[in-house]
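Worksheet: one structure, shown below.
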Amino acid sequence: MERSAHTAPVRPTPKADSFIDELKDDLAAFFQINSTDSYSQQQVLDHFDVDDRRMKLIYHGLIGELVEEGQLTRLPEGTYRANEQVNNIEGTVEHVNQRFAFIVPITASGPRDREADIWVASDDLGGAVDGDRVRIVRFSDSRKNSADRARRRIEGRVVSVVERGKPEVVGSIEVWDTYGFVTPDSKRMYEEIYIPKDKLGGAKNGEKVIIKLTKYPLGDARSQRNRFEGEVITVLGMAGQHNTEMHAILAEFGLPLAFPAEVEADAETMPTTISEAEIANRRDFRGITTFTIDPVDAKDFDDALSVQYLDNGNFEIGIHIADVTHYVLPGSRLEEEAYQRATSVYLVDRVVPMLPEKLSNGLCSLRPNEDKLTFSAVFELTPEARVVNEWFGRTIIHSDRRFSYEEAQEVINDERGDFVAELILLNDLAHQLRAERFKHGAINFETPEVRFKLDDDGVPLGVYPKLRQDTNKLIEEFMLLA
């Protein structure tokens, strides 16, 4: 007489216990992989080629354990089926290559644990693409003959797409008489996208386009009857041309080409003059020597340094940062847009700013010979660069000079030029601050950087290394101090 399926198997020895755990994993995986079907106990035994009486008892007991744990459901007719809700989780698709993807589980908080990522074969993605939010069933894959089960990765299968991540795709179009195909620029899309003739949007062969996906494959994207389809929504220009490719990069990574009209309108309402009431609420640095040091091609100036000699022989050094919070208020459309953009993005020949030009290049740019609102960290330093006093708060400054790194370095090297004494002093203090940092275990993360030489049309003509001089390090040291 066979043992009931709800009776736990006998585990005679620790070695046998490990073996039975492996059988249980394989049994659970069998049901999870075939989660749409139900099986009788005899069908399970047949699948695993079990005919030994003792092994039959073990399998019956394991099925009982899985039912008690909630991994299996016993149906009225006496068959068993996987309870998908137990191993059903949500995650985001990272389609790393043509053969497989990883699903990154969505967690409430905390850093990503890459060991928790779930491996999914491309054929099991169910039409999901990179960036989609999906629901998957996870399992330990018994389809592999793994000698080291402890190290094998958790696997899974997509059961539904919860939310499409990126319905727009950038690519190059190939146009035929009655249809077109787009080859995506994205390195994480591996199939061409079919474009019906009436959805070509006037695109010509060889042009770069933005398309909207209108149909996703239900399973294997390589099937001719089950493919991606889309429609052209924007023609960027002929592939390979500089401006076309730059716009393609912006579109591919979701970098906005322009600000919404209402955001620009909010920026235009900002007053360009600073009220006396606002000045009265701030510490006034306008009479103190102040200047900026930035790359020669910088379009805006976010930070400035001030230098004041004190009667006790010490120095008051101010590090001033543009006070954006005075203009961008919580809950405003400007703040919402800035939050979405997160930062300004610098490409080879242009900047995608976080704030409209009136703010980024105007009100919040510490241009010379203009009063500007700032937030400042002010330190009293001894000649040995030891901090003896500090102050933080809102200020108003008036920059006396805009230096490029190269101009400031020339003044230091030649020991002559505008604000020579101040620059030499700052450089000396910076050297001492840097030496003290390294003395206490700071790590030098310097790596070579390059710059591009462009022609008038933005086409690269050459590449050369950026030269890091004392003035670069000077600014870094005082930023670290702040």
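Residues in the structure tokens are named by chain (A, B, ... in the order shown) and by number from 1 within that chain; ligands are numbered from 1 in the order shown.
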Excluding same-chain residues fewer than 3 positions from segment 85-102 of chain A, what lies within 8 Å of it counting only C-alpha atoms, as a list in words?
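Once the nearby chain positions are removed, what remains is Gly70, Gln71, Pro105, Ile106, Asp117, Ile118, Trp119, Val120, Ala121, Ser122, Ala128, Val129, Asp130, Gly131, Asp132, Arg133, Val134, Arg135, Ile136, Val137, Arg138, Phe139, Arg188, Met189 and Tyr190 of chain A.
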Residue list (strand (DSSP E or B), DSSP) for segment 31-116 of chain A, as a PyMOL selection string
chain A and resi 39+72-74+80-82+88-94+100-105
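For Gln42 of chain A, the non-local neighbours within 12 Å, defined as residues at least 4 positions apart in the same chain or in other chains and counting only C-alpha atoms, are Glu2, Ala5, Ser38, Asp46, His47, Phe48, Asp49, Val50, Asp51, Lys56, Leu57, Tyr59, His60, Ile63, Gly78, Thr79 and Tyr80 of chain A.
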Restricting the calculation to only C-alpha atoms: of A:Thr183, A:Ala82, A:Ser172, A:Ile279, which residue gets closest to Ala239 of chain A?
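That would be A:Ser172, the residue with the smallest distance to Ala239 of chain A.
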Can you list, as an MDAnalysis selection string, every protein, DNA or RNA residue that comes within 6 Å of Phe228 of chain A when you count only C-alpha atoms, leaving out same-chain residues fewer than 4 positions away?
chainID A and resid 193 215:217
Closest of A:Asn413, A:Leu461, A:Phe259, A:Arg283 to Phe392 of chain A - atom-to-atom distances counting only C-alpha atoms:
A:Arg283
